[in-house]
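Colleague: What follows is a structure written as structure tokens; I'll ask about it next.
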Amino acid sequence: MTPPKYLCERCTNCCRWPGDVKVSDKEITAIASFLGLPENGFIQQYTRLRANRRGLSLIDQADGACIFLDGQDCKIQPVKPQQCRDFPNAWNFPGWRDICMATEIPAAK
């Protein structure tokens with residue numbers, strides 16, 4: 001059976017969940033350019049070393065929310081990381097359905 005697919009309603013609840021939002025070199029370039037920052041400046045201001053020391057992740061706000069979450073808006077929506085774009089269809093976390101407002105897309109018959 002094929003797992004259901006979901007349409008993101010941009011509730012931003014997943015952005016408030018503490019975690020590890022990985023960023024690739026390509027994503028760093030895109031986000032830094034979008035913000036009008038040099039890549040090194042972006043890295044210093046908005047990233048941290050991943051726990052496994054195999055790359056960089058975005059830092060969190062004090063409450064655990066994504067650093068780029070502003071109210072109900074993503075400050076980097078057009079260039080947000082693939083990890084964000086893939087939620088909840090390509091990956092999710094235990095309990096995600098309790099907080100996520102994504103709408104299940106009916107399977108084609």
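Residue numbering restarts at 1 in every chain; chains get A, B, ... in the order shown in the structure tokens, and ligands count up from 1 in that same order.
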Can you check which parts of segment 9-49 of chain A lie within 10 Å of segment 67-80 of chain A? Per residue, the shortest pair of atoms and distance in Å to one decimal, counting only C-alpha atoms, sorted by chain and number, as CSV.

Modeller:
```
residue,atom,partner,partner_atom,distance
A:Arg10,CA,A:Gln72,CA,7.9
A:Cys11,CA,A:Gln72,CA,7.0
A:Thr12,CA,A:Gln72,CA,6.1
A:Asn13,CA,A:Gln72,CA,8.9
A:Cys15,CA,A:Leu69,CA,6.8
A:Arg16,CA,A:Leu69,CA,8.0
A:Val23,CA,A:Lys80,CA,9.3
A:Glu27,CA,A:Val79,CA,7.4
A:Ile28,CA,A:Val79,CA,9.5
A:Thr29,CA,A:Val79,CA,9.8
A:Ala30,CA,A:Val79,CA,6.4
A:Ile31,CA,A:Val79,CA,5.9
A:Ala32,CA,A:Val79,CA,9.6
A:Ser33,CA,A:Val79,CA,9.6
A:Phe34,CA,A:Val79,CA,7.4
A:Leu35,CA,A:Ile76,CA,8.0
A:Tyr46,CA,A:Ile67,CA,7.4
A:Thr47,CA,A:Ile67,CA,9.4
```

Colleague: For the structure I just gave you, how does DSSP split chain A - specifically, which residues are strand (DSSP E or B)? Reply as a list in words.

Modeller: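 Going through chain A, the strand (DSSP E or B) residues come out as Lys5, Tyr6, Leu7, Lys22, Val23, Thr47, Arg48, Leu49, Leu56, Ser57, Leu58, Asp60, Cys66, Leu69, Asp70, Asp73, Cys74, Thr103, Glu104 and Ile105 of chain A.
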
Colleague: Run DSSP on the backbone and give me the residues of chain A it puts in helix (DSSP H, G or I), as number ranges by chain.

Modeller: A: 14-16, 25-35, 39-46, 77-79, 82-86, 96-99

Colleague: Point out the residue among A:Ile59, A:Ala107, A:Leu49, A:Cys14 with the least atom-to-atom distance to Gln83 of chain A, counting only C-alpha atoms.

Modeller: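 Of all the options, A:Cys14 lies closest to Gln83 of chain A.
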